[in-house]
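Worksheet: the structure to be examined is printed underneath.
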Amino acid sequence: MWKWLHPYAKPERAYHLCHRLQPYLWWPGVLALLTGCIWGLAFAPQDYQQGDSFRIIYIHVPSAILSMSTYVAMAGAALVGIVWQWRTAFMAMIAMAPVGAVVTFIALFTGAAWGKPMWGTWWVWDARLTSELILMFLYLGVIALYGAFEDKQQAGKAAGVMALVGVVNIPVIHYSVEWWNTLHQGATISKFDKPSIAPEMLWPLLIALLGLALFIAAVSVMRMKNEIIRREYHRPWVKALAASSVGD
Amino acid sequence: MSALYKGIFKRDIALAFRQRSELAQPLMFLLMVITLFPLGIGPGPVILQKIGPGVIWIAAILSSLLAMDRMFRDDFWDGSLEQYMLSGQPLWAVTAVKVAVHWLVSFIPLAVFSPLLALFLNLTMEMYVALMLSLLLGTPLLSLVGAIAVGLTVGLQRGGVLLALLLIPVFIPLLIFATSAVDSAALQLPYRAQLAIIGAMLLVAMATAPLAIAYALRVSQN
C-alpha cells in the first residue's frame with residue numbers, strides 16, 4: 001500500500017519532490033498569510049472586551065498551534081527515520097527543527113506582548129506559557145544535539161530519539177488550559193460544534209493559520225533541499241544539477 | 001542468563017564503590033548547592049520552608065546530571081559496551097540492570113543525607129515524608145530518562161553541558177509535580193494525586209526507556 005512512498009527515501013527523488021512542491025507551498029502561503037493578517041489586523045471588528053489588543057491573535061494563535069504541529073511533524077519524521085532507516089526522514093526532521101523553534105519564539109513573544117496590556121505583566125509562570133517555553137527548549141535541544149555530531153547520519157538518529165522523547169510535552173501543552181485553571185484563556189476555535197468566536201473574526205484567523213502552515217512547509221522544504229545538497233554534494237546528480245543551473 | 005545480569009549488577013556495584021570519589025562528589029555538590037540558598041536568599045525560617053522542597057529537588061536534579069554520564073562512559077571507552085552488544089543478550093535488559101545500579105548508588109546516599117537537608121531548610125515532618133516519597137518515585141525516572149540522553153551523548157568528547165541542555169526541559173514536569181506534592185503536604189492536604197502522576201510517568205518510562213537507551217547506545221557505537 002505504501003510502496004509508492006519508498007522511492008522518496010532516495011535523496012535525489014526527495015530533492016525533486018521538494019523542488020516541485022516548493023512553488024505550490026510558497027505562493028499560496030505568502031498570499032494567505034498576507035490576506036489573513038491584513039484582514040485580521042485592519043478590517044476585522046473590534047473585540048467588545050479587549051478592544052484592538054485582541055488582534056494579536058491573528059499572529060499568536062496560528063504560531064502557537066503550528067509550533068506544536070511542527071513538533072509533531074518533526075517527531076513523525078524522526079519516527080519514520082528510526083523505524084524504516086530513511087536518511088531523508090532525518091533530513092526532513094532537522095529541516096523543520098529551527099523553523100519550529102522560531103515559530104515557538106513568535107508565539108511566546110506575541111503572547112508576552114499581548115499579556116502586558118491584558119494581564120498587566122509580560123510573563124507569568126502559567127501552565128501553558130511554561131509548557132510552550134519547554135517546547136522551545138526541546139527544539140533547541142534537538143538542534144544542539146544534531147550539531148554536536150560530526151557524522152550527520154548518526155546525528156540524525158540521536159536527535160530523532162530526543163525529538164521522540166520530547167513528544168510527551170505536546171498533549172501537556174494542548175490540555176494545560178483545561179487541566180489547570182490558569183490565567184491563559186481557554187480554546188476558542190478548536191470547539192467546532194459551537195466556536196466561541198464570531199465568524200467575521202474567525203475567517204481571517206483560519207486564513208492566517210492556513211497561510212502560516214503553508215509558509216512553514218515552504219521554508220522547511222527549502223531547508224530540506226539545502227540539507228540534501230549539503231549532504232550529497234559529492235554525488236554525480238548534484239554535480240549535474242549544479243552544472244545545469246550554472247548553464248542557465 | 002540470569003547469571004549474566006547478576007554478574008553485571010555485582011560488577012557495577014563493585015566499580016561504583018571502588019571509585020568512591022566519583023560517588024561522593026555529586027553528593028557534596030548537592031550539599032553545597034543547598035547551602036547556597038539560605039546564604040543567597042536569606043536565612044528566614046519561613047521563606048526557607050517555602051522554597052525548601054523546590055531547592056532540594058533542583059539540587060537533586062543538578063547533581064544527578066553531574067553524575068549521570070558515569071553510567072555508560074567507562075563501559076563505552078573500554079569496550080565493555082561493545083561486548084554486551086556482541087554477547088547475544090538483549091541490550092535493553094543489560095541497560096536496565098545498569099540503570100538500576102546507577103539509581104541505587106545515587107539514591108541511597110541521598111536518602112541517608114536527606115534528614116540533614118530537611119533540617120537545613122526547616123521542613124516539617126509531613127513535608128519530609130512527602131519529599132522522600134516524591135524522591136523515591138521521581139529519582140528512578142531521572143535515571144531512566146537521563147540514561148537515554150547519556151546513551152546519545154556518550155561518544156561525544158564534551159557531552160557534559162549538552163546533556164544538561166537536553167535533560168532539563170524533560171525533567172521540568174517531574175519537578176512541577178514533585179514540588180506540588182510537598183507543597184500540598186505542607187498545607188496538610190492530600191498529595192496522593194501528584195504521587196500517582198509521578199508513578200504513572202515512572203511506569204511509562206520503565207516500559208519504554210530501556211528500549212530507547214539500547215537504541216541510543218547502538219547509535220553512539222555506530
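Each chain of the C-alpha cells is named A, B, ... in the order shown, its residues numbered from 1; ligands are numbered from 1 in display order.
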Kindly assemble as CSV a list of the chain B residues that lie within 6 Å of chain A, each paired with its nearest atom pair and their distance in Å to one decimal, using only C-alpha atoms, sorted first by chain and then by ascending residue number.
```
residue,atom,partner,partner_atom,distance
B:Leu152,CA,A:Ala158,CA,5.7
B:Leu166,CA,A:Gly141,CA,5.0
B:Pro169,CA,A:Ile134,CA,5.6
```
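Counting only C-alpha atoms, Arg13 (chain A) has the following residues at most 12 Å away, ignoring those fewer than 6 positions along the same chain: Trp4, Leu5, His6, Pro7, His19, Arg20, Thr88, Lys225, Ile228, Trp237 and Val238 of chain A.
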Point to revise | Contact residues around Val30 (chain A) with only C-alpha atoms at 12 Å, ignoring same-chain residues under 6 positions, as a ChimeraX atom specification | key: /A:23-24,36-38,207-219
For the residues in the current selection, export C-alpha atoms as a PDB file, in the first residue's frame.
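Listing of part31.pdb after writing:
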```pdb
ATOM      1  CA  PRO A  23       6.114  26.942  -5.528  1.00  0.00           C
ATOM      2  CA  TYR A  24       2.766  25.381  -4.587  1.00  0.00           C
ATOM      3  CA  GLY A  36      -5.243  36.775   6.896  1.00  0.00           C
ATOM      4  CA  CYS A  37      -3.024  39.321   8.609  1.00  0.00           C
ATOM      5  CA  ILE A  38      -4.310  42.364   6.722  1.00  0.00           C
ATOM      6  CA  ILE A 207      -6.792  32.010   6.656  1.00  0.00           C
ATOM      7  CA  ALA A 208      -3.787  33.190   8.652  1.00  0.00           C
ATOM      8  CA  LEU A 209      -3.476  29.710  10.149  1.00  0.00           C
ATOM      9  CA  LEU A 210      -3.518  28.091   6.715  1.00  0.00           C
ATOM     10  CA  GLY A 211      -1.077  30.686   5.412  1.00  0.00           C
ATOM     11  CA  LEU A 212       1.399  30.154   8.220  1.00  0.00           C
ATOM     12  CA  ALA A 213       1.123  26.370   7.833  1.00  0.00           C
ATOM     13  CA  LEU A 214       1.950  26.605   4.130  1.00  0.00           C
ATOM     14  CA  PHE A 215       4.701  29.115   4.849  1.00  0.00           C
ATOM     15  CA  ILE A 216       6.297  26.805   7.415  1.00  0.00           C
ATOM     16  CA  ALA A 217       6.029  23.915   4.964  1.00  0.00           C
ATOM     17  CA  ALA A 218       7.622  26.056   2.224  1.00  0.00           C
ATOM     18  CA  VAL A 219      10.539  27.114   4.422  1.00  0.00           C
TER      19      VAL A 219
END
```
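For Leu39 (chain B), the non-local neighbours within 12 Å, defined as residues at least 5 positions apart in the same chain or in other chains and counting only C-alpha atoms, are B:Met32, B:Val33, B:Ile34, B:Gly44, B:Leu48, B:Phe120, B:Leu121.
The coordinates place CA of Phe109 (chain A) at 12.9 Å from CA of Val124 (chain A).
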Review point. Between A:Val83, A:Ala75, A:Leu21, A:Ile106, which has the minimum distance to His60 (chain A) (counting only C-alpha atoms)?
Key: A:Ile106
